[in-house]
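One file, run-v7.tsv, is given below (TSV, C-alpha atoms).
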```tsv
chain	number	residue	atom	x	y	z
A	3	MET	CA	143.36	-141.39	56.50
A	4	ARG	CA	140.76	-139.01	55.13
A	5	ILE	CA	138.38	-139.77	58.04
A	6	ARG	CA	141.03	-138.90	60.62
A	7	ILE	CA	141.72	-135.54	58.95
A	8	GLN	CA	138.00	-134.71	58.83
A	9	THR	CA	137.61	-135.71	62.50
A	10	ALA	CA	140.60	-133.60	63.51
A	11	THR	CA	139.28	-130.64	61.50
A	12	ALA	CA	135.82	-131.00	63.07
A	13	SER	CA	137.33	-131.18	66.58
A	14	LEU	CA	139.40	-128.07	65.92
A	15	THR	CA	136.31	-126.25	64.59
A	16	TRP	CA	134.33	-127.13	67.73
A	17	ALA	CA	137.19	-126.00	69.94
A	18	ARG	CA	137.36	-122.66	68.14
A	19	LEU	CA	133.58	-122.18	68.37
A	20	SER	CA	133.61	-123.03	72.09
A	21	LEU	CA	136.35	-120.50	72.69
A	22	LEU	CA	134.49	-117.87	70.69
A	23	PHE	CA	131.24	-118.40	72.64
A	24	THR	CA	133.11	-118.33	75.94
A	25	MET	CA	134.68	-115.01	75.01
A	26	LEU	CA	131.31	-113.56	74.01
A	27	LEU	CA	129.55	-114.50	77.25
A	28	PRO	CA	129.52	-111.74	79.89
A	29	ALA	CA	131.91	-112.32	82.74
A	30	GLN	CA	130.32	-113.27	86.03
A	31	SER	CA	130.51	-110.15	88.16
A	32	PRO	CA	130.18	-110.17	91.92
A	33	ASN	CA	126.86	-109.13	93.39
A	34	LEU	CA	126.96	-105.37	93.75
A	35	THR	CA	124.89	-103.77	96.47
A	36	THR	CA	123.79	-100.35	97.67
A	37	LEU	CA	124.31	-99.22	101.23
A	38	THR	CA	122.07	-96.40	102.43
A	39	VAL	CA	123.32	-94.58	105.51
A	40	ARG	CA	120.64	-92.69	107.43
A	41	ILE	CA	121.92	-90.33	110.13
A	42	VAL	CA	119.55	-89.20	112.90
A	43	ASN	CA	119.72	-87.01	116.01
A	44	ALA	CA	121.49	-83.97	114.57
A	45	ARG	CA	121.21	-81.07	117.02
A	46	ASN	CA	120.92	-78.53	114.21
A	47	ALA	CA	121.11	-78.25	110.43
A	48	ASN	CA	124.40	-76.31	110.34
A	49	GLY	CA	127.12	-77.68	108.07
A	50	VAL	CA	126.99	-81.26	106.79
A	51	VAL	CA	127.43	-84.77	108.08
A	52	ARG	CA	130.61	-86.33	106.77
A	53	VAL	CA	130.31	-90.07	106.12
A	54	ALA	CA	133.27	-92.45	105.72
A	55	LEU	CA	132.87	-96.07	104.61
A	56	PHE	CA	135.65	-98.44	105.65
A	57	LYS	CA	136.37	-101.96	104.37
A	58	SER	CA	138.91	-102.75	107.11
A	59	ALA	CA	140.23	-101.50	110.44
A	60	ASP	CA	143.03	-99.65	108.64
A	61	GLY	CA	142.38	-95.96	109.35
A	62	PHE	CA	139.12	-96.52	111.21
A	63	PRO	CA	137.73	-94.35	112.67
A	64	GLY	CA	139.79	-91.18	112.35
A	65	ASP	CA	141.69	-91.34	109.05
A	66	ALA	CA	139.17	-90.81	106.27
A	67	SER	CA	141.98	-90.87	103.69
A	68	LYS	CA	142.08	-94.65	104.23
A	69	ALA	CA	138.33	-95.05	103.85
A	70	LEU	CA	136.97	-96.93	100.85
A	71	ARG	CA	134.70	-93.95	100.10
A	72	THR	CA	133.66	-90.69	101.74
A	73	GLN	CA	130.65	-88.50	101.09
A	74	PRO	CA	129.02	-85.47	102.67
A	75	ALA	CA	125.32	-85.66	103.56
A	76	LYS	CA	123.14	-82.57	103.78
A	77	ILE	CA	121.00	-82.27	106.91
A	78	ASP	CA	117.26	-81.86	106.41
A	79	THR	CA	116.19	-78.72	108.32
A	80	GLN	CA	112.77	-80.18	109.20
A	81	THR	CA	113.74	-83.63	110.44
A	82	LEU	CA	117.39	-82.99	111.42
A	83	THR	CA	118.35	-86.17	109.60
A	84	ALA	CA	120.73	-86.83	106.72
A	85	GLN	CA	121.07	-89.64	104.23
A	86	THR	CA	123.56	-90.81	101.62
A	87	ASP	CA	123.96	-93.87	99.41
A	88	PHE	CA	127.05	-95.89	98.52
A	89	SER	CA	126.24	-97.88	95.38
A	90	GLY	CA	128.18	-100.52	93.49
A	91	LEU	CA	129.61	-102.15	96.62
A	92	PRO	CA	130.71	-105.79	96.49
A	93	GLU	CA	129.44	-108.09	99.21
A	94	GLY	CA	131.64	-107.98	102.30
A	95	THR	CA	132.28	-106.53	105.73
A	96	TYR	CA	132.15	-102.77	106.22
A	97	ALA	CA	131.98	-100.13	108.95
A	98	VAL	CA	130.77	-96.53	108.76
A	99	MET	CA	132.00	-93.53	110.73
A	100	VAL	CA	130.17	-90.19	110.65
A	101	PHE	CA	130.58	-86.77	112.20
A	102	HIS	CA	128.53	-83.58	112.12
A	103	ASP	CA	130.83	-80.94	110.67
A	104	GLU	CA	128.81	-78.02	112.05
A	105	ASN	CA	131.29	-75.31	111.09
A	106	GLY	CA	132.24	-76.80	107.71
A	107	ASN	CA	135.97	-76.96	108.37
A	108	GLY	CA	136.25	-80.60	107.24
A	109	LYS	CA	137.40	-82.02	110.57
A	110	LEU	CA	135.94	-83.25	113.84
A	111	ASP	CA	136.63	-80.43	116.28
A	112	LYS	CA	137.80	-81.49	119.76
A	113	SER	CA	138.41	-79.78	123.09
A	114	LEU	CA	141.86	-79.37	124.62
A	115	VAL	CA	141.46	-82.78	126.26
A	116	CYS	CA	140.43	-84.40	122.93
A	117	ILE	CA	136.70	-84.67	123.65
A	118	PRO	CA	134.67	-84.14	120.45
A	119	LYS	CA	132.83	-80.81	120.27
A	120	GLU	CA	130.78	-81.96	117.28
A	121	GLY	CA	128.49	-84.96	116.92
A	122	TYR	CA	129.94	-88.29	115.84
A	123	ALA	CA	128.82	-91.91	115.57
A	124	ALA	CA	129.56	-95.28	114.00
A	125	SER	CA	127.55	-98.08	112.45
A	126	ASN	CA	125.94	-100.41	115.02
A	127	ASN	CA	125.68	-97.33	117.29
A	128	PRO	CA	128.27	-98.40	119.88
A	129	ALA	CA	127.80	-96.70	123.26
A	130	LYS	CA	129.74	-93.53	124.10
A	131	LYS	CA	133.03	-94.40	125.80
A	132	MET	CA	136.24	-92.69	126.79
A	133	ARG	CA	137.70	-93.82	123.45
A	134	ALA	CA	136.72	-93.90	119.82
A	135	PRO	CA	134.67	-96.88	118.58
A	136	THR	CA	136.62	-99.76	117.07
A	137	PHE	CA	136.14	-101.38	113.69
A	138	GLU	CA	135.08	-104.58	115.48
A	139	GLU	CA	132.28	-102.70	117.27
A	140	ALA	CA	131.07	-101.02	114.09
A	141	LYS	CA	131.46	-103.73	111.44
A	142	PHE	CA	128.54	-105.34	109.64
A	143	SER	CA	128.04	-107.70	106.71
A	144	LEU	CA	126.65	-106.46	103.43
A	145	SER	CA	125.24	-109.14	101.13
A	146	SER	CA	122.29	-107.26	99.61
A	147	ASP	CA	120.97	-103.71	99.51
A	148	ARG	CA	120.75	-102.43	103.07
A	149	THR	CA	120.00	-99.34	105.14
A	150	VAL	CA	121.86	-98.62	108.36
A	151	GLU	CA	120.66	-95.96	110.79
A	152	ILE	CA	123.29	-94.14	112.79
A	153	LYS	CA	122.47	-91.93	115.77
A	154	LEU	CA	124.78	-88.96	116.33
A	155	ILE	CA	126.29	-88.54	119.82
A	156	TYR	CA	127.17	-85.12	121.20
```

In structure tokens, what does this structure look like?
Amino acid sequence: MRIRIQTATASLTWARLSLLFTMLLPAQSPNLTTLTVRIVNARNANGVVRVALFKSADGFPGDASKALRTQPAKIDTQTLTAQTDFSGLPEGTYAVMVFHDENGNGKLDKSLVCIPKEGYAASNNPAKKMRAPTFEEAKFSLSSDRTVEIKLIY
């Protein structure tokens, strides 16, 4: 009888220790990556380039309020390029939309017939069309740190 009690006590002690060690171990976190967005072909250094990072087609390309993150990027006066980083991103599929906010009003200005007056572009640099780029055209996989270069279209 005494052996059974000692065995049960030892088993319970090991179970408690296992639980304690499991709780003390750091949780496995997903691989976090950094996406660097490099914007080229600005026609001048006025204003900023506004960058929106999307995780899905919801809101892409025109509704930045539905973007995962947004950031402005200052244009270098010498190279007419801009750059920004999005850090701490989990692996996955993303798309980026940018526009050159030359007058600093926070929106992509368009003509009366809805043609952009300011530069714009998307990841994967889809060709200029009579419509905005789609998420499918702009999406890319992010599984490690990566730089994407986006060329502004005017």

Please, what distance in Å, to one decimal, runs between atom CA of Thr38 of chain A and atom CA of Lys141 of chain A? 14.9 Å

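Atom CA of Gly106 of chain A is found 27.8 Å from atom CA of Leu91 of chain A.
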
Per residue of segment 42-66 of chain A within 10 Å of segment 112-131 of chain A, note the shortest atom pair and the distance in Å to one decimal, counting all atoms listed in the file, and order the rows by chain and increasing residue number, as JSON lines.
```
{"residue": "A:Asn43", "atom": "CA", "partner": "A:Gly121", "partner_atom": "CA", "distance": 9.1}
{"residue": "A:Ala44", "atom": "CA", "partner": "A:Gly121", "partner_atom": "CA", "distance": 7.5}
{"residue": "A:Arg45", "atom": "CA", "partner": "A:Gly121", "partner_atom": "CA", "distance": 8.3}
{"residue": "A:Val51", "atom": "CA", "partner": "A:Tyr122", "partner_atom": "CA", "distance": 8.9}
{"residue": "A:Arg52", "atom": "CA", "partner": "A:Tyr122", "partner_atom": "CA", "distance": 9.3}
{"residue": "A:Val53", "atom": "CA", "partner": "A:Ala124", "partner_atom": "CA", "distance": 9.5}
{"residue": "A:Ala54", "atom": "CA", "partner": "A:Ala124", "partner_atom": "CA", "distance": 9.5}
{"residue": "A:Leu55", "atom": "CA", "partner": "A:Ser125", "partner_atom": "CA", "distance": 9.7}
{"residue": "A:Pro63", "atom": "CA", "partner": "A:Ala124", "partner_atom": "CA", "distance": 8.3}
```

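Nearest to Tyr96 of chain A of all the residues A:Gln80, A:Asn46, A:Ser58, A:Ser67 is A:Ser58, based on all atoms listed in the file.
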
Point (119.9, -76.9, 110.2), cut-off 10 Å, counting all atoms listed in the file, residues as a PDB file with C-alpha atoms, in the frame of the given file:
```
ATOM      1  CA  ALA A  44     121.490 -83.970 114.570  1.00  0.00           C
ATOM      2  CA  ARG A  45     121.210 -81.070 117.020  1.00  0.00           C
ATOM      3  CA  ASN A  46     120.920 -78.530 114.210  1.00  0.00           C
ATOM      4  CA  ALA A  47     121.110 -78.250 110.430  1.00  0.00           C
ATOM      5  CA  ASN A  48     124.400 -76.310 110.340  1.00  0.00           C
ATOM      6  CA  GLY A  49     127.120 -77.680 108.070  1.00  0.00           C
ATOM      7  CA  VAL A  50     126.990 -81.260 106.790  1.00  0.00           C
ATOM      8  CA  LYS A  76     123.140 -82.570 103.780  1.00  0.00           C
ATOM      9  CA  ILE A  77     121.000 -82.270 106.910  1.00  0.00           C
ATOM     10  CA  ASP A  78     117.260 -81.860 106.410  1.00  0.00           C
ATOM     11  CA  THR A  79     116.190 -78.720 108.320  1.00  0.00           C
ATOM     12  CA  GLN A  80     112.770 -80.180 109.200  1.00  0.00           C
ATOM     13  CA  THR A  81     113.740 -83.630 110.440  1.00  0.00           C
ATOM     14  CA  LEU A  82     117.390 -82.990 111.420  1.00  0.00           C
ATOM     15  CA  THR A  83     118.350 -86.170 109.600  1.00  0.00           C
ATOM     16  CA  GLU A 104     128.810 -78.020 112.050  1.00  0.00           C
TER      17      GLU A 104
END
```

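Using only C-alpha atoms, the smallest distance between any of A:Gln73, A:Ser143, A:Thr149, A:Thr35 and Ala97 of chain A comes from A:Ser143.
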
Measuring between all atoms listed in the file, which one of A:Asn107, A:Thr72, A:Ser146, A:Thr136 shows the shortest distance to Phe88 of chain A?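 Ranking A:Asn107, A:Thr72, A:Ser146, A:Thr136 by distance to Phe88 of chain A, first place goes to A:Thr72.
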
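The two atoms in question, atom CA of Ser89 of chain A and atom CA of Ile155 of chain A, are spaced 26.2 Å apart.
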
Across A:Ala140, A:Ala69, A:Ala59, A:Ala75, the smallest distance to His102 of chain A, with all atoms listed in the file counted, is shown by A:Ala75
